[in-house]
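First up is the structure itself, then whatever we jot down about it.
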Amino acid sequence: MTLAFYCVNGIDILGGIEKLPEDERKGLVEWIWDQQISGPNGESGFRPGPSTSFGTEGSEAYKTTNPYDQPHLIMTYTALIMLAVFRDDMSRLNRKGLTTFLKSLQLDDGSFTPVPGWGESDVRLLYCAFVISKLLDDWSGVDVNKALAFIRKCRSYEGGYGQEPHQEALGGTTYCAVAAYALAPPSLVSEPLTEKEKEGTIRWLAQRQIGGFQGRTGKVEDACYCFWCGAALDILGRSDVVNAPANADFLGRCQFKYGGIAKFPNENPDPYHTYMSLATLAIYPPEGDEGGSWKLPELNSVINAKAETANWALEKIKGP
(Lines give C-alpha, C1' and ligand atoms only; values in the text may rest on other atoms or scores of the structure.)
Protein backbone atom coordinates (compact mmCIF):
# COMPACT_ATOMS: atom_id res chain seq x y z
CA MET A 1 0.00 0.00 0.00
CA THR A 2 2.76 2.45 0.91
CA LEU A 3 4.71 1.67 -2.27
CA ALA A 4 1.56 2.40 -4.26
CA PHE A 5 1.16 5.66 -2.31
CA TYR A 6 4.52 6.99 -3.45
CA CYS A 7 3.88 5.97 -7.05
CA VAL A 8 0.34 7.36 -7.19
CA ASN A 9 1.19 10.60 -5.38
CA GLY A 10 4.19 11.07 -7.64
CA ILE A 11 2.01 10.72 -10.74
CA ASP A 12 -0.55 13.07 -9.17
CA ILE A 13 1.93 15.86 -8.51
CA LEU A 14 3.23 15.50 -12.07
CA GLY A 15 -0.32 15.87 -13.41
CA GLY A 16 -0.42 12.39 -14.89
CA ILE A 17 -3.42 10.74 -13.20
CA GLU A 18 -5.87 11.55 -16.00
CA LYS A 19 -3.37 10.18 -18.50
CA LEU A 20 -3.64 6.71 -16.99
CA PRO A 21 -6.07 4.39 -18.81
CA GLU A 22 -9.53 4.50 -17.23
CA ASP A 23 -9.58 0.76 -16.55
CA GLU A 24 -6.24 1.07 -14.76
CA ARG A 25 -7.51 3.88 -12.56
CA LYS A 26 -10.66 1.96 -11.71
CA GLY A 27 -8.63 -1.17 -11.02
CA LEU A 28 -6.38 0.68 -8.58
CA VAL A 29 -9.38 2.15 -6.75
CA GLU A 30 -11.00 -1.27 -6.42
CA TRP A 31 -7.73 -2.77 -5.22
CA ILE A 32 -7.52 -0.15 -2.47
CA TRP A 33 -11.09 -0.74 -1.36
CA ASP A 34 -10.45 -4.49 -1.29
CA GLN A 35 -7.93 -3.81 1.49
CA GLN A 36 -10.54 -2.20 3.79
CA ILE A 37 -11.17 -4.75 6.52
CA SER A 38 -12.75 -4.86 9.96
CA GLY A 39 -11.34 -6.29 13.17
CA PRO A 40 -13.24 -8.32 15.77
CA ASN A 41 -14.21 -5.29 17.87
CA GLY A 42 -15.67 -3.04 15.21
CA GLU A 43 -12.43 -1.35 14.20
CA SER A 44 -11.96 -0.71 10.50
CA GLY A 45 -9.07 0.42 8.32
CA PHE A 46 -6.86 -0.71 5.47
CA ARG A 47 -4.26 -3.47 5.48
CA PRO A 48 -0.95 -3.40 3.58
CA GLY A 49 -2.20 -5.67 0.78
CA PRO A 50 -3.90 -8.96 -0.03
CA SER A 51 -0.88 -11.12 0.79
CA THR A 52 -1.99 -11.42 4.44
CA SER A 53 -5.59 -12.29 3.57
CA PHE A 54 -7.21 -15.41 4.95
CA GLY A 55 -10.82 -14.43 4.27
CA THR A 56 -13.18 -13.43 1.52
CA GLU A 57 -11.69 -10.87 -0.83
CA GLY A 58 -13.53 -7.78 -1.93
CA SER A 59 -16.22 -7.94 0.72
CA GLU A 60 -17.13 -4.77 2.62
CA ALA A 61 -18.24 -7.02 5.46
CA TYR A 62 -14.92 -8.89 5.58
CA LYS A 63 -13.83 -9.30 9.19
CA THR A 64 -10.57 -10.74 10.43
CA THR A 65 -9.45 -12.35 13.66
CA ASN A 66 -6.02 -13.22 12.32
CA PRO A 67 -3.37 -11.12 14.12
CA TYR A 68 -1.34 -10.96 10.90
CA ASP A 69 -4.24 -9.65 8.81
CA GLN A 70 -5.34 -6.49 10.60
CA PRO A 71 -6.05 -2.89 9.61
CA HIS A 72 -2.78 -0.95 9.73
CA LEU A 73 -2.52 2.73 10.71
CA ILE A 74 0.06 3.86 8.15
CA MET A 75 -1.62 1.89 5.36
CA THR A 76 -4.95 3.49 6.27
CA TYR A 77 -3.47 6.98 5.93
CA THR A 78 -1.90 6.15 2.55
CA ALA A 79 -5.07 4.45 1.29
CA LEU A 80 -7.23 7.47 2.11
CA ILE A 81 -4.87 9.85 0.33
CA MET A 82 -4.73 7.63 -2.75
CA LEU A 83 -8.53 7.41 -2.90
CA ALA A 84 -8.58 11.20 -2.82
CA VAL A 85 -6.05 11.30 -5.68
CA PHE A 86 -8.54 9.29 -7.76
CA ARG A 87 -11.39 11.58 -6.58
CA ASP A 88 -13.35 8.71 -5.07
CA ASP A 89 -16.59 9.76 -3.37
CA MET A 90 -15.67 7.78 -0.20
CA SER A 91 -19.17 6.29 -0.02
CA ARG A 92 -17.73 2.92 1.00
CA LEU A 93 -15.68 4.28 3.90
CA ASN A 94 -16.49 2.87 7.34
CA ARG A 95 -16.07 6.11 9.29
CA LYS A 96 -17.36 4.81 12.61
CA GLY A 97 -15.02 1.84 12.33
CA LEU A 98 -12.10 4.18 11.64
CA THR A 99 -12.73 6.08 14.87
CA THR A 100 -12.96 2.79 16.77
CA PHE A 101 -9.73 1.72 15.09
CA LEU A 102 -7.87 4.82 16.29
CA LYS A 103 -9.14 4.30 19.84
CA SER A 104 -7.81 0.74 19.80
CA LEU A 105 -4.28 1.91 18.88
CA GLN A 106 -3.47 4.63 21.41
CA LEU A 107 -1.34 3.55 24.36
CA ASP A 108 -1.26 4.97 27.87
CA ASP A 109 1.80 7.08 27.03
CA GLY A 110 -0.12 8.77 24.19
CA SER A 111 1.64 7.02 21.29
CA PHE A 112 -0.01 4.72 18.75
CA THR A 113 0.68 1.18 17.56
CA PRO A 114 0.22 0.29 13.87
CA VAL A 115 -2.31 -2.49 14.56
CA PRO A 116 -4.53 -3.13 17.58
CA GLY A 117 -2.64 -4.57 20.50
CA TRP A 118 0.94 -4.80 19.26
CA GLY A 119 3.75 -3.34 17.20
CA GLU A 120 6.11 -0.40 17.49
CA SER A 121 4.81 2.94 18.73
CA ASP A 122 6.36 6.26 17.81
CA VAL A 123 5.81 9.75 16.41
CA ARG A 124 5.33 8.53 12.82
CA LEU A 125 2.23 6.56 13.76
CA LEU A 126 0.91 9.39 15.89
CA TYR A 127 1.13 11.69 12.88
CA CYS A 128 -0.93 9.26 10.78
CA ALA A 129 -3.59 9.09 13.51
CA PHE A 130 -3.78 12.89 13.57
CA VAL A 131 -4.10 13.17 9.78
CA ILE A 132 -6.93 10.62 9.77
CA SER A 133 -8.70 12.48 12.58
CA LYS A 134 -8.32 15.74 10.66
CA LEU A 135 -9.73 14.18 7.49
CA LEU A 136 -12.66 12.69 9.42
CA ASP A 137 -13.22 16.02 11.18
CA ASP A 138 -13.65 13.81 14.24
CA TRP A 139 -11.12 13.78 17.08
CA SER A 140 -13.10 11.48 19.36
CA GLY A 141 -10.81 8.58 18.47
CA VAL A 142 -7.69 10.12 20.02
CA ASP A 143 -6.65 11.71 23.29
CA VAL A 144 -5.00 14.79 21.78
CA ASN A 145 -3.21 16.10 24.85
CA LYS A 146 -1.90 12.68 25.82
CA ALA A 147 -0.51 12.35 22.29
CA LEU A 148 1.09 15.79 22.36
CA ALA A 149 2.61 15.00 25.75
CA PHE A 150 4.28 12.00 24.10
CA ILE A 151 5.67 14.26 21.38
CA ARG A 152 7.12 16.60 24.00
CA LYS A 153 8.98 13.66 25.53
CA CYS A 154 10.53 12.98 22.11
CA ARG A 155 12.06 16.45 21.88
CA SER A 156 15.87 16.42 21.98
CA TYR A 157 18.17 19.01 23.49
CA GLU A 158 19.02 20.13 19.93
CA GLY A 159 15.46 21.23 19.17
CA GLY A 160 14.46 18.37 16.88
CA TYR A 161 12.37 15.31 17.72
CA GLY A 162 13.31 11.66 17.93
CA GLN A 163 11.23 8.66 17.02
CA GLU A 164 10.68 7.85 20.71
CA PRO A 165 11.65 9.56 23.98
CA HIS A 166 15.41 9.88 24.62
CA GLN A 167 16.34 9.18 20.99
CA GLU A 168 18.37 11.26 18.55
CA ALA A 169 16.52 13.96 16.62
CA LEU A 170 15.67 13.01 13.02
CA GLY A 171 14.32 15.06 10.16
CA GLY A 172 11.41 12.72 9.44
CA THR A 173 10.19 12.47 13.01
CA THR A 174 10.65 16.21 13.52
CA TYR A 175 8.33 16.72 10.55
CA CYS A 176 5.80 14.33 12.10
CA ALA A 177 5.95 16.17 15.43
CA VAL A 178 5.61 19.64 13.88
CA ALA A 179 2.80 18.51 11.56
CA ALA A 180 0.93 16.85 14.43
CA TYR A 181 0.90 20.11 16.36
CA ALA A 182 -0.34 21.90 13.22
CA LEU A 183 -3.13 19.34 12.76
CA ALA A 184 -4.40 19.37 16.34
CA PRO A 185 -7.47 21.59 16.91
CA PRO A 186 -6.34 24.54 19.06
CA SER A 187 -9.44 24.15 21.22
CA LEU A 188 -8.23 20.70 22.30
CA VAL A 189 -4.60 21.64 22.96
CA SER A 190 -3.82 22.51 26.58
CA GLU A 191 -0.09 23.11 26.08
CA PRO A 192 0.88 24.48 22.63
CA LEU A 193 4.46 24.88 21.50
CA THR A 194 6.10 28.00 22.88
CA GLU A 195 7.81 30.52 20.63
CA LYS A 196 11.14 29.52 22.17
CA GLU A 197 10.49 25.87 21.33
CA LYS A 198 9.52 26.76 17.77
CA GLU A 199 12.66 28.83 17.32
CA GLY A 200 14.80 25.97 18.61
CA THR A 201 13.23 23.59 16.10
CA ILE A 202 13.57 26.10 13.26
CA ARG A 203 17.25 26.54 14.06
CA TRP A 204 17.86 22.78 14.15
CA LEU A 205 16.04 22.25 10.85
CA ALA A 206 17.82 25.14 9.12
CA GLN A 207 21.17 23.75 10.24
CA ARG A 208 20.42 20.50 8.41
CA GLN A 209 20.78 22.13 4.98
CA ILE A 210 24.08 21.53 3.25
CA GLY A 211 22.86 21.96 -0.32
CA GLY A 212 20.12 19.47 0.11
CA PHE A 213 19.25 18.43 3.67
CA GLN A 214 20.77 15.85 5.98
CA GLY A 215 18.45 13.81 8.20
CA ARG A 216 20.43 14.24 11.40
CA THR A 217 23.51 15.91 12.72
CA GLY A 218 26.75 14.83 11.04
CA LYS A 219 25.16 12.88 8.16
CA VAL A 220 25.29 13.43 4.41
CA GLU A 221 22.49 15.16 2.50
CA ASP A 222 19.67 12.87 1.34
CA ALA A 223 16.82 13.60 -1.08
CA CYS A 224 13.98 12.50 1.21
CA TYR A 225 15.13 14.80 4.01
CA CYS A 226 14.80 17.74 1.66
CA PHE A 227 11.08 17.15 2.14
CA TRP A 228 11.03 16.18 5.81
CA CYS A 229 13.09 19.18 6.92
CA GLY A 230 11.92 21.59 4.26
CA ALA A 231 8.22 20.82 4.79
CA ALA A 232 8.61 21.15 8.56
CA LEU A 233 10.09 24.63 8.07
CA ASP A 234 7.21 25.49 5.75
CA ILE A 235 4.68 24.39 8.41
CA LEU A 236 6.50 26.52 10.99
CA GLY A 237 6.22 29.53 8.69
CA ARG A 238 9.94 29.80 7.98
CA SER A 239 10.33 28.68 4.41
CA ASP A 240 12.39 31.85 3.99
CA VAL A 241 15.40 30.23 5.69
CA VAL A 242 15.66 27.53 2.99
CA ASN A 243 18.18 28.02 0.17
CA ALA A 244 15.78 26.86 -2.56
CA PRO A 245 18.26 27.01 -5.49
CA ALA A 246 20.84 24.91 -3.61
CA ASN A 247 18.13 22.43 -2.63
CA ALA A 248 16.90 22.12 -6.21
CA ASP A 249 20.46 21.77 -7.51
CA PHE A 250 21.09 18.84 -5.16
CA LEU A 251 17.85 17.12 -6.19
CA GLY A 252 18.71 17.69 -9.85
CA ARG A 253 21.99 15.85 -9.29
CA CYS A 254 20.03 12.98 -7.70
CA GLN A 255 17.90 12.55 -10.83
CA PHE A 256 18.63 9.35 -12.75
CA LYS A 257 19.25 9.71 -16.47
CA TYR A 258 16.49 7.23 -17.33
CA GLY A 259 13.93 8.70 -14.90
CA GLY A 260 13.29 8.79 -11.18
CA ILE A 261 15.25 10.40 -8.36
CA ALA A 262 17.67 8.67 -5.99
CA LYS A 263 18.55 9.45 -2.39
CA PHE A 264 22.10 10.45 -3.39
CA PRO A 265 23.71 11.49 -6.70
CA ASN A 266 24.89 8.55 -8.83
CA GLU A 267 22.62 6.06 -7.04
CA ASN A 268 19.63 4.09 -8.34
CA PRO A 269 16.24 5.82 -8.07
CA ASP A 270 13.18 4.52 -6.22
CA PRO A 271 9.52 5.62 -5.88
CA TYR A 272 9.96 6.89 -2.31
CA HIS A 273 12.80 9.31 -2.98
CA THR A 274 11.27 10.31 -6.32
CA TYR A 275 7.99 11.38 -4.74
CA MET A 276 9.59 13.08 -1.74
CA SER A 277 11.88 15.04 -4.03
CA LEU A 278 8.96 16.18 -6.18
CA ALA A 279 7.05 17.14 -3.03
CA THR A 280 9.85 19.37 -1.77
CA LEU A 281 10.26 20.95 -5.20
CA ALA A 282 6.55 21.81 -5.11
CA ILE A 283 7.24 23.75 -1.89
CA TYR A 284 10.61 25.18 -2.96
CA PRO A 285 10.69 25.52 -6.75
CA PRO A 286 13.92 26.67 -8.39
CA GLU A 287 14.20 30.38 -8.98
CA GLY A 288 14.01 31.69 -12.52
CA ASP A 289 13.07 29.58 -15.50
CA GLU A 290 15.45 26.67 -15.06
CA GLY A 291 13.50 24.09 -17.03
CA GLY A 292 9.78 24.62 -16.45
CA SER A 293 9.28 20.92 -15.64
CA TRP A 294 10.37 21.62 -12.04
CA LYS A 295 7.41 23.98 -11.58
CA LEU A 296 4.88 21.79 -9.81
CA PRO A 297 1.41 22.37 -8.32
CA GLU A 298 0.92 23.56 -4.75
CA LEU A 299 1.46 20.98 -2.02
CA ASN A 300 -0.33 20.70 1.31
CA SER A 301 2.76 20.34 3.52
CA VAL A 302 0.84 19.12 6.57
CA ILE A 303 -1.10 16.29 4.91
CA ASN A 304 1.67 15.57 2.35
CA ALA A 305 -0.44 15.60 -0.80
CA LYS A 306 -1.12 17.93 -3.70
CA ALA A 307 -3.29 20.77 -2.39
CA GLU A 308 -6.22 19.87 -4.67
CA THR A 309 -6.05 16.27 -3.50
CA ALA A 310 -5.83 17.27 0.17
CA ASN A 311 -8.86 19.54 -0.26
CA TRP A 312 -10.84 16.68 -1.81
CA ALA A 313 -9.88 14.41 1.09
CA LEU A 314 -10.88 17.05 3.65
CA GLU A 315 -14.25 17.52 1.95
CA LYS A 316 -15.19 13.90 1.22
CA ILE A 317 -13.72 11.81 4.03
CA LYS A 318 -15.60 13.62 6.80
CA GLY A 319 -18.82 12.39 5.23
CA PRO A 320 -22.16 14.08 4.58
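FYI, nothing fancy with the C-alpha coordinates labels: chains A, B, ... in order, residues from 1 per chain, ligands from 1 as they appear.
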
Selection: 10 Å around segment 146-158 of chain A, only C-alpha atoms, excl. self and same-chain fewer than 6 positions, as a VMD selection string: chain A and resid 106 to 112 122 to 123 126 to 127 129 to 130 164 to 170 173 to 174 176 to 178 180 to 181 184 189 to 193 197 200 to 201 203 to 205 217

All helix (DSSP H, G or I) positions in segment 49-269 of chain A, as a VMD selection string: chain A and resid 50 to 52 73 to 85 95 to 105 123 to 136 144 to 153 171 to 183 186 to 188 195 to 206 223 to 235 239 to 241 244 to 254

Nearest residue to Gly171 of chain A from the set A:Met90, A:Val142, A:Cys224, A:Met75 (distances using only C-alpha atoms): A:Cys224

With the cut-off set at 6 Å and counting only C-alpha atoms, tabulate each residue of segment 270-299 of chain A with an atom at most that distance from an atom of segment 3-17 of chain A, showing the nearest atom pair and its distance in Å to one decimal, ordered by chain and increasing number, as CSV.
residue,atom,partner,partner_atom,distance
A:Pro271,CA,A:Tyr6,CA,5.7
A:Tyr272,CA,A:Tyr6,CA,5.6
A:Tyr275,CA,A:Gly10,CA,4.8

Distance criterion (only C-alpha atoms): nearest to Val302 of chain A out of A:Glu120, A:Asp234, A:Asp270, A:Asp249: A:Asp234

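Checking A:Pro286, A:Gly211, A:Gly230, A:Gly27 one by one against Pro245 of chain A, counting only C-alpha atoms, you find the shortest gap at A:Pro286.
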
Val242 of chain A surroundings by only C-alpha atoms, 12 Å radius, close-in-sequence under 2 positions cut, as an MDAnalysis selection string: chainID A and resid 202:203 205:213 226:227 229:234 237:240 244:248 280:281 283:286

Residues at most 12 Å from Lys316 of chain A, counting only C-alpha atoms, excluding those fewer than 5 positions away in the same chain, as an mmCIF file with N, CA and C atoms, in the first residue's frame?
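The new file around_37.cif reads:
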data_model
loop_
_atom_site.group_PDB
_atom_site.id
_atom_site.type_symbol
_atom_site.label_atom_id
_atom_site.label_comp_id
_atom_site.auth_asym_id
_atom_site.auth_seq_id
_atom_site.Cartn_x
_atom_site.Cartn_y
_atom_site.Cartn_z
ATOM 1 N N LEU A 80 -6.296 6.349 2.185
ATOM 2 C CA LEU A 80 -7.231 7.474 2.112
ATOM 3 C C LEU A 80 -6.717 8.555 1.164
ATOM 4 N N ILE A 81 -5.429 8.836 1.218
ATOM 5 C CA ILE A 81 -4.870 9.853 0.325
ATOM 6 C C ILE A 81 -4.950 9.390 -1.130
ATOM 7 N N LEU A 83 -7.127 7.326 -2.461
ATOM 8 C CA LEU A 83 -8.526 7.407 -2.904
ATOM 9 C C LEU A 83 -8.899 8.847 -3.248
ATOM 10 N N ALA A 84 -8.346 9.790 -2.504
ATOM 11 C CA ALA A 84 -8.577 11.201 -2.816
ATOM 12 C C ALA A 84 -7.905 11.588 -4.132
ATOM 13 N N VAL A 85 -6.731 11.037 -4.403
ATOM 14 C CA VAL A 85 -6.055 11.301 -5.677
ATOM 15 C C VAL A 85 -6.970 10.915 -6.840
ATOM 16 N N ARG A 87 -10.120 10.867 -6.757
ATOM 17 C CA ARG A 87 -11.391 11.578 -6.578
ATOM 18 C C ARG A 87 -12.552 10.619 -6.319
ATOM 19 N N ASP A 88 -12.289 9.623 -5.477
ATOM 20 C CA ASP A 88 -13.348 8.706 -5.065
ATOM 21 C C ASP A 88 -14.326 9.447 -4.157
ATOM 22 N N ASP A 89 -15.604 9.049 -4.185
ATOM 23 C CA ASP A 89 -16.594 9.756 -3.368
ATOM 24 C C ASP A 89 -16.619 9.282 -1.905
ATOM 25 N N MET A 90 -15.824 8.281 -1.572
ATOM 26 C CA MET A 90 -15.671 7.776 -0.197
ATOM 27 C C MET A 90 -16.968 7.181 0.369
ATOM 28 N N SER A 91 -17.896 6.820 -0.501
ATOM 29 C CA SER A 91 -19.175 6.289 -0.021
ATOM 30 C C SER A 91 -19.028 4.924 0.659
ATOM 31 N N ARG A 92 -17.936 4.244 0.394
ATOM 32 C CA ARG A 92 -17.734 2.919 1.000
ATOM 33 C C ARG A 92 -16.918 2.964 2.296
ATOM 34 N N LEU A 93 -16.553 4.151 2.736
ATOM 35 C CA LEU A 93 -15.681 4.283 3.897
ATOM 36 C C LEU A 93 -16.452 4.038 5.192
ATOM 37 N N ARG A 95 -16.574 5.030 8.449
ATOM 38 C CA ARG A 95 -16.068 6.114 9.292
ATOM 39 C C ARG A 95 -16.135 5.767 10.780
ATOM 40 N N LYS A 134 -8.076 14.484 11.370
ATOM 41 C CA LYS A 134 -8.325 15.741 10.662
ATOM 42 C C LYS A 134 -9.218 15.512 9.448
ATOM 43 N N LEU A 135 -8.934 14.469 8.679
ATOM 44 C CA LEU A 135 -9.728 14.179 7.488
ATOM 45 C C LEU A 135 -11.160 13.800 7.860
ATOM 46 N N LEU A 136 -11.322 13.076 8.954
ATOM 47 C CA LEU A 136 -12.659 12.695 9.415
ATOM 48 C C LEU A 136 -13.404 13.878 10.030
ATOM 49 N N ASP A 137 -12.658 14.920 10.396
ATOM 50 C CA ASP A 137 -13.223 16.021 11.179
ATOM 51 C C ASP A 137 -13.852 15.469 12.457
ATOM 52 N N THR A 309 -5.739 17.592 -4.030
ATOM 53 C CA THR A 309 -6.054 16.265 -3.498
ATOM 54 C C THR A 309 -6.367 16.342 -2.010
ATOM 55 N N ALA A 310 -5.581 17.111 -1.262
ATOM 56 C CA ALA A 310 -5.835 17.274 0.169
ATOM 57 C C ALA A 310 -7.198 17.915 0.404
ATOM 58 N N ASN A 311 -7.555 18.889 -0.414
ATOM 59 C CA ASN A 311 -8.861 19.538 -0.263
ATOM 60 C C ASN A 311 -10.006 18.555 -0.524
#

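A straight line drawn from atom CA of Glu298 of chain A to atom CA of Ala282 of chain A is 5.9 Å long.
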
All residues 8 Å or closer to Gly42 of chain A, only C-alpha atoms, same chain fewer than 3 positions away omitted, as a PyMOL selection string: chain A and resi 38-39+97+100-101

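Between atom CA of Pro265 of chain A and atom CA of Leu251 of chain A lies a distance of 8.1 Å.
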
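Residue nearest Ala307 of chain A within the list A:Pro320, A:Ala279, A:Phe250, A:Lys19: A:Ala279 [criterion: smallest interatomic distance, only C-alpha atoms].
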
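Coordinates place atom CA of Tyr161 of chain A at a distance of 25.2 Å from atom CA of Ala262 of chain A.
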
Pick from A:Glu221, A:Leu278, A:Gly319, A:Thr76 nearest to Gln35 of chain A, counting only C-alpha atoms: A:Thr76

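Scanning segment 23-208 of chain A with DSSP on the backbone, the strand (DSSP E or B) assignments fall on Gln36, Ile37, Ser38, Ser44, Gly45, Phe46, Lys63, Gln106, Phe112, Val115, Trp118, Arg155, Tyr161 and Leu170 of chain A.
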
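Shortest atom-to-atom contact with Asp222 of chain A among A:Asp138, A:Glu267, A:Glu195, A:Glu287: A:Glu267, counting only C-alpha atoms.
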
Contacts of Pro71 of chain A within 10 Å, only C-alpha atoms, excl. fewer than 2 positions in-chain, as number ranges by chain: A: 35-39, 43-48, 64, 67-69, 73-76, 98, 101, 114-116
